[in-house]
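J.: Enclosed is the structure file entry00.tsv (TSV, C-alpha atoms).
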chain	number	residue	atom	x	y	z
G	54	LEU	CA	22.87	-31.58	55.88
G	55	PRO	CA	23.30	-34.20	58.60
G	56	GLU	CA	23.13	-37.86	57.81
G	57	ASN	CA	19.91	-39.50	58.91
G	58	ALA	CA	19.66	-42.21	61.51
G	59	LYS	CA	18.95	-45.79	60.53
G	60	LEU	CA	15.90	-47.83	61.50
G	61	ARG	CA	16.00	-51.53	62.23
G	62	LEU	CA	12.61	-53.30	62.27
G	63	GLN	CA	11.68	-56.98	62.38
G	64	GLU	CA	10.41	-58.36	59.10
G	65	PRO	CA	6.64	-58.97	59.06
G	66	ASN	CA	5.89	-62.59	59.99
G	67	GLY	CA	2.22	-62.61	59.00
G	68	THR	CA	0.51	-62.32	55.65
G	69	ASN	CA	0.08	-59.11	53.63
G	70	GLY	CA	2.88	-57.35	55.50
G	71	TRP	CA	1.40	-57.75	58.97
G	72	HIS	CA	3.26	-58.44	62.20
G	73	VAL	CA	1.57	-61.20	64.20
G	74	GLY	CA	2.29	-63.23	67.32
G	75	SER	CA	4.10	-60.46	69.20
G	76	TYR	CA	4.73	-56.75	68.93
G	77	PRO	CA	7.70	-55.95	66.68
G	78	SER	CA	10.86	-54.46	68.14
G	79	ILE	CA	12.15	-51.18	66.69
G	80	THR	CA	15.74	-49.98	67.04
G	81	ILE	CA	17.21	-46.63	66.04
G	82	GLU	CA	20.88	-46.39	65.12
G	83	GLU	CA	22.29	-42.86	65.22
G	84	PRO	CA	24.66	-41.81	62.43
G	85	VAL	CA	28.38	-41.97	63.01
G	86	ILE	CA	29.98	-38.50	62.86
G	87	ASP	CA	33.60	-37.48	62.87
G	88	GLU	CA	35.17	-35.22	65.46
G	89	PHE	CA	34.95	-32.15	63.26
G	90	SER	CA	31.20	-32.44	62.57
G	91	PRO	CA	28.50	-30.92	64.78
G	92	GLU	CA	26.58	-33.18	67.12
G	93	VAL	CA	23.45	-34.78	65.64
G	94	THR	CA	20.23	-35.75	67.44
G	95	ALA	CA	17.67	-38.19	66.04
G	96	TYR	CA	13.95	-37.42	66.39
G	97	TYR	CA	10.89	-39.53	65.69
G	98	ARG	CA	7.11	-39.49	65.72
G	99	LEU	CA	5.02	-42.67	66.04
G	100	TRP	CA	1.27	-42.65	65.60
G	101	ASN	CA	-1.53	-45.21	65.23
G	102	GLU	CA	-3.75	-44.36	62.29
G	103	THR	CA	-6.23	-47.08	63.25
G	104	LYS	CA	-7.09	-45.02	66.32
G	105	GLY	CA	-7.35	-41.83	64.26
G	106	ASP	CA	-3.97	-40.40	65.32
G	107	SER	CA	-1.95	-38.30	62.89
G	108	GLU	CA	1.52	-36.82	62.51
G	109	GLU	CA	0.25	-33.51	63.83
G	110	THR	CA	-1.06	-35.07	67.05
G	111	ALA	CA	1.89	-37.42	67.60
G	112	GLU	CA	4.54	-36.47	70.16
G	113	GLU	CA	7.97	-35.49	68.85
G	114	VAL	CA	10.55	-37.57	70.73
G	115	ALA	CA	14.29	-36.88	70.89
G	116	PHE	CA	16.18	-40.15	70.82
G	117	ASP	CA	18.60	-40.50	73.74
G	118	GLY	CA	20.13	-43.82	72.77
G	119	GLU	CA	17.67	-45.92	74.76
G	120	ASN	CA	14.12	-44.69	74.23
G	121	ASN	CA	13.41	-46.61	71.04
G	122	PRO	CA	9.86	-46.40	69.63
G	123	ALA	CA	7.59	-49.02	71.21
G	124	ILE	CA	4.34	-50.51	69.93
G	125	ASN	CA	2.09	-52.12	72.51
G	126	GLU	CA	-1.28	-52.42	70.81
G	127	ASP	CA	-2.67	-53.50	67.45
G	128	GLY	CA	-3.04	-51.06	64.61
G	129	ILE	CA	-1.56	-49.55	61.46
G	130	TYR	CA	1.27	-47.24	62.53
G	131	LYS	CA	3.38	-44.61	60.82
G	132	LEU	CA	6.91	-43.94	62.08
G	133	LYS	CA	8.80	-40.81	60.94
G	134	LEU	CA	12.53	-40.54	61.68
G	135	TRP	CA	14.90	-37.62	61.02
G	136	THR	CA	17.99	-35.94	62.47
G	137	VAL	CA	18.92	-32.37	63.40
G	138	ASP	CA	22.48	-31.11	63.97
G	139	GLU	CA	23.64	-28.49	66.44
G	140	ALA	CA	23.36	-25.83	63.78
G	141	GLY	CA	19.68	-26.59	63.34
G	142	ASN	CA	20.00	-28.33	60.00
G	143	SER	CA	17.64	-31.26	59.38
G	144	SER	CA	18.41	-34.34	57.36
G	145	SER	CA	17.28	-34.17	53.75
G	146	ASP	CA	13.76	-35.09	52.73
G	147	SER	CA	15.16	-37.87	50.58
G	148	SER	CA	16.83	-39.50	53.57
G	149	MET	CA	13.92	-39.01	55.97
G	150	VAL	CA	12.35	-42.30	57.04
G	151	LEU	CA	8.56	-42.67	56.90
G	152	LYS	CA	7.67	-46.25	57.64
G	153	GLU	CA	4.28	-48.01	57.79
G	154	ILE	CA	4.08	-50.76	60.42
G	155	LYS	CA	1.04	-53.03	60.48
G	156	VAL	CA	0.47	-54.96	63.71
G	157	ASP	CA	-2.29	-57.46	64.52
G	158	ILE	CA	-1.38	-60.01	67.17
G	159	THR	CA	-4.99	-60.55	68.19
G	160	ALA	CA	-6.74	-63.56	66.65
G	161	PRO	CA	-10.33	-63.06	65.45
G	162	GLN	CA	-12.63	-62.57	68.41
G	163	ARG	CA	-16.27	-62.94	69.38
G	164	LEU	CA	-16.99	-65.76	66.95
G	165	ASN	CA	-20.61	-66.78	67.24
G	166	ILE	CA	-23.03	-69.29	65.76
G	167	VAL	CA	-26.67	-68.32	66.19
G	168	VAL	CA	-30.11	-69.79	65.52
G	169	GLY	CA	-32.80	-67.16	65.95
G	170	GLU	CA	-31.49	-65.12	68.86
G	171	GLU	CA	-29.88	-68.07	70.61
G	172	SER	CA	-26.16	-68.77	70.49
G	173	ILE	CA	-25.53	-72.47	69.93
G	174	LEU	CA	-21.81	-72.41	70.76
G	175	ALA	CA	-20.67	-75.37	72.80
G	176	LYS	CA	-19.82	-74.48	76.40
G	177	GLU	CA	-16.76	-76.72	76.16
G	178	SER	CA	-15.22	-77.44	72.77
G	179	ASN	CA	-14.08	-80.90	73.81
G	180	SER	CA	-17.45	-81.91	75.23
G	181	ILE	CA	-20.26	-81.87	72.70
G	182	SER	CA	-23.78	-83.04	73.51
G	183	TYR	CA	-26.85	-83.13	71.29
G	184	ASN	CA	-29.17	-80.99	73.36
G	185	LEU	CA	-30.39	-78.40	70.85
G	186	PHE	CA	-33.61	-79.44	69.14
G	187	TYR	CA	-35.73	-77.77	66.47
G	188	HIS	CA	-38.80	-79.13	64.69
G	189	LYS	CA	-38.77	-76.98	61.57
G	190	GLU	CA	-36.32	-75.44	59.11
G	191	ILE	CA	-33.75	-73.19	60.77
G	192	LYS	CA	-31.32	-70.53	59.61
G	193	VAL	CA	-27.84	-70.56	61.11
G	194	LEU	CA	-26.00	-67.24	61.27
G	195	MET	CA	-22.24	-66.97	61.87
G	196	SER	CA	-20.07	-63.98	62.68
G	197	ALA	CA	-16.63	-62.92	63.91
G	198	ASP	CA	-14.77	-59.72	64.80
G	199	THR	CA	-11.58	-58.97	62.83
G	200	ASP	CA	-11.64	-55.19	63.14
G	201	ILE	CA	-7.86	-54.58	62.96
G	202	SER	CA	-6.60	-56.22	59.78
G	203	GLY	CA	-10.03	-57.15	58.44
G	204	MET	CA	-11.70	-60.41	57.49
G	205	LYS	CA	-9.99	-62.62	54.97
G	206	ALA	CA	-12.28	-65.65	55.22
G	207	LEU	CA	-15.15	-66.97	57.32
G	208	THR	CA	-15.55	-70.68	56.65
G	209	TYR	CA	-17.20	-73.66	58.30
G	210	GLN	CA	-17.42	-77.43	58.40
G	211	LYS	CA	-20.82	-79.03	59.00
G	212	VAL	CA	-20.35	-82.59	60.24
G	213	ARG	CA	-22.65	-85.25	61.61
G	214	SER	CA	-20.43	-85.91	64.63
G	215	PRO	CA	-17.16	-84.56	66.10
G	216	GLN	CA	-15.40	-87.67	64.85
G	217	GLU	CA	-15.96	-86.52	61.25
G	218	TYR	CA	-14.28	-83.13	61.82
G	219	ASP	CA	-10.74	-82.66	60.51
G	220	GLU	CA	-9.15	-79.21	60.73
G	221	VAL	CA	-6.52	-79.99	58.09
G	222	LYS	CA	-8.12	-82.48	55.74
G	223	GLY	CA	-11.74	-81.44	56.14
G	224	THR	CA	-13.41	-79.20	53.57
G	225	TRP	CA	-13.91	-75.63	54.79
G	226	ILE	CA	-16.95	-74.09	53.09
G	227	PRO	CA	-17.13	-70.29	52.61
G	228	TYR	CA	-19.93	-68.81	54.71
G	229	ASP	CA	-22.39	-66.56	52.89
G	230	LEU	CA	-22.81	-63.46	55.08
G	231	GLU	CA	-25.90	-62.36	53.17
G	232	SER	CA	-27.99	-65.53	53.10
G	233	GLY	CA	-26.64	-67.49	56.09
G	234	LEU	CA	-26.95	-71.26	56.24
G	235	THR	CA	-30.39	-72.88	55.99
G	236	ILE	CA	-30.88	-76.33	57.54
G	237	ALA	CA	-33.86	-78.39	56.37
G	238	PRO	CA	-35.68	-80.69	58.82
G	239	ASN	CA	-34.37	-84.15	59.71
G	240	ASP	CA	-30.71	-83.38	60.07
G	241	ARG	CA	-28.17	-83.75	62.88
G	242	PHE	CA	-24.93	-81.80	62.93
G	243	VAL	CA	-22.13	-79.92	64.64
G	244	ILE	CA	-20.73	-76.76	63.02
G	245	TYR	CA	-17.06	-75.78	63.23
G	246	LEU	CA	-16.51	-72.11	62.38
G	247	LYS	CA	-13.11	-70.70	61.36
G	248	ALA	CA	-12.35	-66.99	61.07
G	249	GLU	CA	-9.11	-65.86	59.41
G	250	ASP	CA	-8.03	-62.24	59.31
G	251	MET	CA	-5.84	-60.50	56.71
G	252	ALA	CA	-2.82	-60.83	58.99
G	253	GLY	CA	-3.08	-64.62	59.00
G	254	ASN	CA	-4.48	-65.06	62.53
G	255	THR	CA	-7.15	-67.74	62.85
G	256	THR	CA	-9.69	-68.78	65.47
G	257	ILE	CA	-11.89	-71.89	65.40
G	258	VAL	CA	-14.99	-72.50	67.53
G	259	ASN	CA	-17.76	-75.09	67.33
G	260	SER	CA	-21.43	-75.40	68.08
G	261	ASP	CA	-23.06	-77.89	70.36
G	262	GLY	CA	-24.88	-80.80	68.77
G	263	VAL	CA	-28.03	-79.73	66.89
G	264	ILE	CA	-30.96	-81.84	65.74
G	265	VAL	CA	-33.68	-80.64	63.38
G	266	ASP	CA	-36.56	-83.12	63.39
G	267	ASN	CA	-40.14	-82.69	62.18
G	268	LYS	CA	-41.21	-86.35	62.10
G	269	PRO	CA	-43.41	-87.51	65.01
G	270	PRO	CA	-42.54	-90.75	66.81
G	271	THR	CA	-43.95	-93.67	64.82
G	272	GLY	CA	-44.78	-97.34	65.01
G	273	GLU	CA	-46.92	-99.81	63.07
G	274	ASN	CA	-49.96	-101.49	64.55
G	275	TYR	CA	-53.25	-99.95	65.63
G	276	SER	CA	-52.18	-96.80	63.85
G	277	PRO	CA	-49.13	-95.81	61.83
G	278	GLU	CA	-47.69	-94.00	64.86
G	279	ILE	CA	-47.37	-96.23	67.93
G	280	ILE	CA	-47.64	-99.97	68.57
G	281	ILE	CA	-50.18	-100.92	71.27
G	282	THR	CA	-50.55	-104.67	71.75
G	283	PRO	CA	-52.90	-106.08	74.43
G	284	GLU	CA	-52.74	-109.68	75.59
G	285	ALA	CA	-54.86	-112.10	73.60
G	286	ALA	CA	-58.50	-112.28	74.61
G	287	ASN	CA	-60.54	-115.49	74.80
G	288	LYS	CA	-62.28	-116.93	71.77
G	289	ASN	CA	-65.20	-114.60	72.35
G	290	GLY	CA	-62.98	-111.52	72.42
G	291	TYR	CA	-63.19	-110.92	76.18
G	292	HIS	CA	-60.74	-110.68	79.07
G	293	ASN	CA	-61.79	-111.86	82.54
G	294	LYS	CA	-58.73	-110.67	84.45
G	295	ASP	CA	-56.12	-107.88	84.42
G	296	VAL	CA	-54.83	-107.20	80.90
G	297	ARG	CA	-51.17	-106.57	80.11
G	298	VAL	CA	-50.62	-104.22	77.17
G	299	SER	CA	-47.31	-103.81	75.35
G	300	LEU	CA	-46.31	-100.35	74.16
G	301	HIS	CA	-43.70	-99.60	71.51
G	302	ALA	CA	-42.77	-96.08	70.39
G	303	THR	CA	-40.04	-95.22	67.90
G	304	ASP	CA	-38.64	-91.97	66.56
G	305	PRO	CA	-38.24	-92.40	62.79
G	306	LYS	CA	-35.00	-91.78	60.93
G	307	TYR	CA	-35.20	-89.35	58.02
G	308	ILE	CA	-32.88	-87.53	55.67
G	309	GLY	CA	-34.85	-84.51	54.59
G	310	SER	CA	-38.31	-85.87	53.75
G	311	THR	CA	-37.06	-89.36	52.90
G	312	PRO	CA	-37.17	-92.21	55.42
G	313	ASP	CA	-33.73	-93.75	55.92
G	314	SER	CA	-33.51	-96.38	58.65
G	315	LYS	CA	-29.74	-96.68	58.27
G	316	ASN	CA	-28.35	-93.18	57.92
G	317	GLY	CA	-31.33	-91.00	58.83
G	318	PHE	CA	-31.53	-88.44	61.63
G	319	TYR	CA	-33.89	-88.11	64.58
G	320	SER	CA	-34.10	-86.13	67.82
G	321	GLY	CA	-34.86	-89.04	70.15
G	322	LEU	CA	-37.81	-89.77	72.39
G	323	ALA	CA	-38.31	-87.37	75.28
G	324	ARG	CA	-41.52	-88.62	76.90
G	325	VAL	CA	-44.01	-91.46	76.60
G	326	SER	CA	-47.24	-91.39	78.58
G	327	TYR	CA	-50.54	-93.24	78.55
G	328	ARG	CA	-54.14	-93.02	79.70
G	329	ILE	CA	-56.62	-95.82	80.33
G	330	ILE	CA	-60.17	-94.80	79.51
G	331	SER	CA	-63.25	-96.82	80.49
G	332	GLU	CA	-66.78	-95.76	79.65
G	333	ASP	CA	-65.39	-92.40	78.50
G	334	LYS	CA	-63.76	-91.77	81.90
G	335	VAL	CA	-60.02	-91.71	82.54
G	336	THR	CA	-59.26	-94.36	85.15
G	337	LYS	CA	-55.48	-94.05	85.09
G	338	GLU	CA	-52.78	-91.88	83.51
G	339	GLU	CA	-49.03	-92.02	83.90
G	340	ILE	CA	-45.78	-90.71	82.40
G	341	LEU	CA	-43.50	-93.67	81.85
G	342	THR	CA	-39.85	-93.63	82.88
G	343	LEU	CA	-37.83	-94.11	79.72
G	344	GLU	CA	-34.70	-95.48	81.37
G	345	GLY	CA	-34.01	-97.57	84.43
G	346	SER	CA	-37.51	-98.99	84.81
G	347	GLY	CA	-37.08	-102.30	83.01
G	348	ALA	CA	-38.08	-100.79	79.69
G	349	GLU	CA	-36.30	-101.92	76.56
G	350	ILE	CA	-34.66	-98.99	74.79
G	351	ILE	CA	-32.38	-98.46	71.81
G	352	LYS	CA	-29.94	-95.53	72.09
G	353	ASP	CA	-27.33	-94.18	69.71
G	354	GLU	CA	-23.82	-92.92	70.43
G	355	ALA	CA	-25.19	-89.47	71.24
G	356	GLY	CA	-27.46	-90.91	73.94
G	357	LEU	CA	-30.67	-90.32	71.98
G	358	ILE	CA	-33.44	-92.87	72.49
G	359	GLN	CA	-34.71	-94.11	69.13
G	360	SER	CA	-36.95	-96.93	70.36
G	361	PHE	CA	-38.86	-97.58	73.60
G	362	LYS	CA	-40.69	-100.78	74.60
G	363	SER	CA	-42.56	-101.33	77.85
G	364	SER	CA	-45.84	-102.66	79.15
G	365	ILE	CA	-48.68	-101.54	81.37
G	366	VAL	CA	-51.46	-103.45	83.18
G	367	ILE	CA	-55.14	-102.61	82.93
G	368	ASP	CA	-56.87	-103.24	86.28
G	369	SER	CA	-59.85	-105.43	85.41
G	370	LYS	CA	-61.83	-104.46	88.52
G	371	VAL	CA	-61.57	-100.76	87.78
G	372	ASN	CA	-62.11	-101.18	84.04
G	373	ASN	CA	-64.88	-103.79	83.85
G	374	SER	CA	-66.27	-102.60	80.53
G	375	ASN	CA	-66.63	-103.35	76.84
G	376	LYS	CA	-65.31	-99.85	76.11
G	377	VAL	CA	-61.75	-99.88	77.42
G	378	VAL	CA	-59.37	-97.67	75.46
G	379	VAL	CA	-55.60	-97.26	75.83
G	380	GLU	CA	-54.28	-93.90	74.66
G	381	VAL	CA	-50.50	-93.43	74.25
G	382	THR	CA	-48.70	-90.13	73.68
G	383	ALA	CA	-45.10	-89.99	72.46
G	384	VAL	CA	-43.10	-86.74	72.31
G	385	ASP	CA	-39.62	-86.41	70.83
G	386	LYS	CA	-36.99	-83.88	71.84
G	387	ALA	CA	-37.83	-81.60	68.95
G	388	GLY	CA	-41.37	-81.27	70.30
G	389	ASN	CA	-43.13	-83.46	67.72
G	390	VAL	CA	-46.13	-85.22	69.27
G	391	THR	CA	-48.05	-88.35	68.33
G	392	VAL	CA	-51.20	-89.54	70.11
G	393	THR	CA	-52.61	-93.00	69.36
G	394	ARG	CA	-55.67	-94.82	70.73
G	395	THR	CA	-56.88	-98.36	70.48
G	396	PRO	CA	-60.29	-98.57	68.80
G	397	VAL	CA	-63.33	-98.77	71.04
G	398	GLY	CA	-64.14	-102.46	71.48
G	399	ALA	CA	-60.58	-103.64	70.89
G	400	ILE	CA	-60.21	-104.32	74.62
G	401	LYS	CA	-63.27	-105.77	76.38
G	402	ILE	CA	-63.18	-106.83	80.05
G	403	ASP	CA	-65.86	-108.78	81.92
G	404	THR	CA	-65.04	-110.03	85.42
G	405	THR	CA	-68.65	-110.44	86.61
G	406	ALA	CA	-69.66	-114.12	86.99
G	407	PRO	CA	-73.01	-115.08	85.38
G	408	LYS	CA	-76.03	-114.84	87.72
G	409	ILE	CA	-78.61	-117.64	87.51
G	410	ASP	CA	-82.18	-116.97	88.65
G	411	VAL	CA	-84.85	-119.79	88.81
G	412	SER	CA	-88.53	-118.95	89.21
G	413	TYR	CA	-91.69	-121.16	89.23
G	414	ASN	CA	-95.27	-120.61	88.15
G	415	ASN	CA	-96.65	-122.74	91.02
G	416	ASN	CA	-95.35	-122.03	94.47
G	417	SER	CA	-98.26	-123.60	96.46
G	418	ALA	CA	-97.06	-126.91	97.88
G	419	ASP	CA	-99.68	-129.57	98.71
G	420	SER	CA	-97.57	-131.21	101.37
G	421	GLY	CA	-94.24	-129.85	102.52
G	422	ALA	CA	-92.10	-129.61	99.41
G	423	PHE	CA	-94.41	-131.70	97.29
G	424	PHE	CA	-96.68	-130.41	94.57
G	425	LYS	CA	-99.65	-132.21	93.07
G	426	GLU	CA	-100.24	-129.80	90.19
G	427	ASP	CA	-97.83	-129.16	87.32
G	428	ARG	CA	-95.01	-126.77	88.15
G	429	VAL	CA	-93.00	-124.95	85.42
G	430	ALA	CA	-89.53	-123.65	86.23
G	431	THR	CA	-88.12	-120.56	84.42
G	432	ILE	CA	-84.30	-120.18	84.39
G	433	THR	CA	-82.82	-116.73	83.73
G	434	ILE	CA	-79.04	-116.23	83.29
G	435	THR	CA	-77.64	-112.68	83.46
Here is a file; write its structure as structure tokens.
T.:
Amino acid sequence: LPENAKLRLQEPNGTNGWHVGSYPSITIEEPVIDEFSPEVTAYYRLWNETKGDSEETAEEVAFDGENNPAINEDGIYKLKLWTVDEAGNSSSDSSMVLKEIKVDITAPQRLNIVVGEESILAKESNSISYNLFYHKEIKVLMSADTDISGMKALTYQKVRSPQEYDEVKGTWIPYDLESGLTIAPNDRFVIYLKAEDMAGNTTIVNSDGVIVDNKPPTGENYSPEIIITPEAANKNGYHNKDVRVSLHATDPKYIGSTPDSKNGFYSGLARVSYRIISEDKVTKEEILTLEGSGAEIIKDEAGLIQSFKSSIVIDSKVNNSNKVVVEVTAVDKAGNVTVTRTPVGAIKIDTTAPKIDVSYNNNSADSGAFFKEDRVATITIT
């Protein structure tokens, strides 16, 4: 029987016997024969079992010294190599080569991080902004495609800011495919997701900044939500001119259900508006500009507004009443809303000067402007 050809194949450079990075090269070396032996031809079949191919469907190729087997896509291959001499004898079964070649040069694909039906992947991994807001508990689902060699691990890091992320030193937490990841309210985070396949390929993606916040904007004066402070009235509790009113809205910091002014999370103020109501009629309403209007704001490194201070003026001519009410509405970026009003009677405006009316019981003069009879004057002030 003829001697079989030899097969030279790169050693696998991935894990679990997989070739990664590039397609492996395969070289056939024909046997050396002496001048008295019949000519020998090497034959091979190469098929990709991942695609459902088999030995029966694979093409039989006669090796001509140059047409080595070539792999140009991922998969688990089988390569069969044998020789046949001019007399029609095939190499022995014991010398026949049947080689399994596992190839996966494609890193995990289609990684996704989802809340509800919305992907929260960052559009640019090096530019993260906190623009995803939720006002109740959310479930985060993560997935990846490793359909060639299979999934080895799907892990994640949940960090408060990109500065806390460390690919090497950070702790990668195994993701639970069955239960997902539940995030309670009052949290702020970025998720980094890593998928690793059985061949050793890895892919890492990250979410955009996410804020879960169910605490309405708060303050501490007329109500526990928003500070509304009018200018001081006179000793009788009245204003006789336009009244300036200070407004202060804050978005509280919480960790879970616990207030934490130092390390807590919040979504930031999105809108502050007010209405002036006099005699149960709205005389003015306006949405205040949070930035660039002279207001005093406090922002964090993510650009979220935690505190807003400004002032408005109540027109005394339009609101000449004992029943002036200022109503302030604050909305944060998670959609939490707080509405606060000053009590009726807290702001009283009176710009009408007193009117004095003098009347007499005797208007019949005896001579010009002189009266002989008693004359009583009645003075009425309104």
J.: For Asp266 of chain G, which residue among G:His292, G:Lys352, G:Lys386, G:Lys222 is the nearest when counting only C-alpha atoms?
T.: G:Lys386
J.: Residues near Glu220 of chain G, anyone? I mean within 10 Å using only C-alpha atoms, not counting same-chain ones fewer than 6 positions away, as a PyMOL selection string.
T.: chain G and resi 210+245+247+257
J.: Separation of atom CA of Ala206 of chain G and atom CA of Pro227 of chain G, in Å?
T.: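 That distance, rounded to one decimal, is 7.2 Å.
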J.: Just want the 7 Å neighbourhood of segment 67-69 of chain G, counted on all atoms listed in the file, with same-chain residues fewer than 4 positions away dropped. Output as a list in words.
T.: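 The residues satisfying every condition are Val73, Met251, Ala252 and Gly253 of chain G.
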J.: Could you check how far atom CA of Ile402 of chain G sits from atom CA of Ser374 of chain G, in Å to one decimal?
T.: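 Computed distance, atom CA of Ile402 of chain G to atom CA of Ser374 of chain G, equals 5.3 Å.
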J.: Using all atoms listed in the file, can you tell me which of G:Leu164, G:Ala383, G:Leu322, G:Leu134 comes closest to Ser196 of chain G?
T.: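 Smallest separation from Ser196 of chain G among the options: G:Leu164.
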J.: Which is closer to Asn239 of chain G than all the others in G:Pro283, G:Gly317, G:Gly203, G:Gly70, using only C-alpha atoms?
T.: G:Gly317
J.: I'd like to know which of G:Thr382, G:Thr199, G:Ser412, G:Thr255 is closest to Thr431 of chain G, using all atoms listed in the file.
T.: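 The answer is G:Ser412, which sits nearest to Thr431 of chain G.
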J.: Counting only C-alpha atoms, figure out which residue out of G:Leu357, G:Leu174, G:Ala140, G:Ile365 gets nearest to Ser320 of chain G.
T.: G:Leu357
J.: Would you kindly return, as JSON, numbers by chain, each protein, DNA or RNA residue with an atom no farther than 12 Å from any atom of Ser107 of chain G, considering all atoms listed in the file and excluding same-chain residues fewer than 4 positions away?
T.: {"G": [98, 99, 100, 101, 102, 103, 111, 112, 113, 129, 130, 131, 132, 133]}
J.: Using only the atoms of segment 357-373 of chain G listed in the file, plus 8 Å on each side, state the axis-aligned box centre and edge lengths in Å rounded to one decimal, as JSON.
T.:
{"center_x": -47.8, "center_y": -97.9, "center_z": 78.8, "size_x": 50.2, "size_y": 31.1, "size_z": 35.4}
J.: Given the point (14.9, -53.9, 64.0) in the coordinates of this file, which residues lie within 10 Å, counting all atoms listed in the file, and how would they look as a list of chain:residue names?
T.: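 The answer, in the requested form, is G:Lys59, G:Leu60, G:Arg61, G:Leu62, G:Gln63, G:Glu64, G:Pro77, G:Ser78, G:Ile79, G:Thr80, G:Ile81, G:Glu82.
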J.: Since fewer atoms than expected are present, regenerate N, CA and C atoms for segment 366-384 of chain G and write them as a PDB file, in the frame of the given file.
T.:
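So the final result, stored in out.pdb, reads:
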ATOM      1  N   VAL G 366     -50.417-102.492  82.801  1.00  0.00           N
ATOM      2  CA  VAL G 366     -51.460-103.450  83.180  1.00  0.00           C
ATOM      3  C   VAL G 366     -52.760-102.696  83.395  1.00  0.00           C
ATOM      4  N   ILE G 367     -53.809-103.186  82.754  1.00  0.00           N
ATOM      5  CA  ILE G 367     -55.140-102.610  82.930  1.00  0.00           C
ATOM      6  C   ILE G 367     -55.822-103.366  84.081  1.00  0.00           C
ATOM      7  N   ASP G 368     -56.197-102.648  85.125  1.00  0.00           N
ATOM      8  CA  ASP G 368     -56.870-103.240  86.280  1.00  0.00           C
ATOM      9  C   ASP G 368     -58.290-103.638  85.856  1.00  0.00           C
ATOM     10  N   SER G 369     -58.556-104.941  85.892  1.00  0.00           N
ATOM     11  CA  SER G 369     -59.850-105.430  85.410  1.00  0.00           C
ATOM     12  C   SER G 369     -61.009-105.011  86.310  1.00  0.00           C
ATOM     13  N   LYS G 370     -60.745-104.852  87.602  1.00  0.00           N
ATOM     14  CA  LYS G 370     -61.830-104.460  88.520  1.00  0.00           C
ATOM     15  C   LYS G 370     -62.256-103.010  88.269  1.00  0.00           C
ATOM     16  N   VAL G 371     -61.270-102.174  87.998  1.00  0.00           N
ATOM     17  CA  VAL G 371     -61.570-100.760  87.780  1.00  0.00           C
ATOM     18  C   VAL G 371     -62.131-100.525  86.381  1.00  0.00           C
ATOM     19  N   ASN G 372     -61.732-101.384  85.440  1.00  0.00           N
ATOM     20  CA  ASN G 372     -62.110-101.180  84.040  1.00  0.00           C
ATOM     21  C   ASN G 372     -62.946-102.352  83.512  1.00  0.00           C
ATOM     22  N   ASN G 373     -63.992-102.691  84.233  1.00  0.00           N
ATOM     23  CA  ASN G 373     -64.880-103.790  83.850  1.00  0.00           C
ATOM     24  C   ASN G 373     -65.883-103.269  82.834  1.00  0.00           C
ATOM     25  N   SER G 374     -65.475-103.275  81.557  1.00  0.00           N
ATOM     26  CA  SER G 374     -66.270-102.600  80.530  1.00  0.00           C
ATOM     27  C   SER G 374     -65.931-103.153  79.156  1.00  0.00           C
ATOM     28  N   ASN G 375     -66.873-103.010  78.242  1.00  0.00           N
ATOM     29  CA  ASN G 375     -66.630-103.350  76.840  1.00  0.00           C
ATOM     30  C   ASN G 375     -66.006-102.176  76.076  1.00  0.00           C
ATOM     31  N   LYS G 376     -65.814-101.064  76.771  1.00  0.00           N
ATOM     32  CA  LYS G 376     -65.310 -99.850  76.110  1.00  0.00           C
ATOM     33  C   LYS G 376     -64.022 -99.371  76.775  1.00  0.00           C
ATOM     34  N   VAL G 377     -63.046-100.254  76.856  1.00  0.00           N
ATOM     35  CA  VAL G 377     -61.750 -99.880  77.420  1.00  0.00           C
ATOM     36  C   VAL G 377     -60.837 -99.415  76.287  1.00  0.00           C
ATOM     37  N   VAL G 378     -60.249 -98.251  76.472  1.00  0.00           N
ATOM     38  CA  VAL G 378     -59.370 -97.670  75.460  1.00  0.00           C
ATOM     39  C   VAL G 378     -58.024 -97.334  76.103  1.00  0.00           C
ATOM     40  N   VAL G 379     -56.946 -97.664  75.407  1.00  0.00           N
ATOM     41  CA  VAL G 379     -55.600 -97.260  75.830  1.00  0.00           C
ATOM     42  C   VAL G 379     -55.133 -96.166  74.870  1.00  0.00           C
ATOM     43  N   GLU G 380     -54.763 -95.031  75.447  1.00  0.00           N
ATOM     44  CA  GLU G 380     -54.280 -93.900  74.660  1.00  0.00           C
ATOM     45  C   GLU G 380     -52.808 -93.655  75.024  1.00  0.00           C
ATOM     46  N   VAL G 381     -51.939 -93.619  74.024  1.00  0.00           N
ATOM     47  CA  VAL G 381     -50.500 -93.430  74.250  1.00  0.00           C
ATOM     48  C   VAL G 381     -50.048 -92.158  73.533  1.00  0.00           C
ATOM     49  N   THR G 382     -49.255 -91.360  74.245  1.00  0.00           N
ATOM     50  CA  THR G 382     -48.700 -90.130  73.680  1.00  0.00           C
ATOM     51  C   THR G 382     -47.176 -90.225  73.703  1.00  0.00           C
ATOM     52  N   ALA G 383     -46.561 -89.988  72.556  1.00  0.00           N
ATOM     53  CA  ALA G 383     -45.100 -89.990  72.460  1.00  0.00           C
ATOM     54  C   ALA G 383     -44.640 -88.620  71.972  1.00  0.00           C
ATOM     55  N   VAL G 384     -43.646 -88.053  72.658  1.00  0.00           N
ATOM     56  CA  VAL G 384     -43.100 -86.740  72.310  1.00  0.00           C
ATOM     57  C   VAL G 384     -41.598 -86.891  72.118  1.00  0.00           C
TER      58      VAL G 384
END
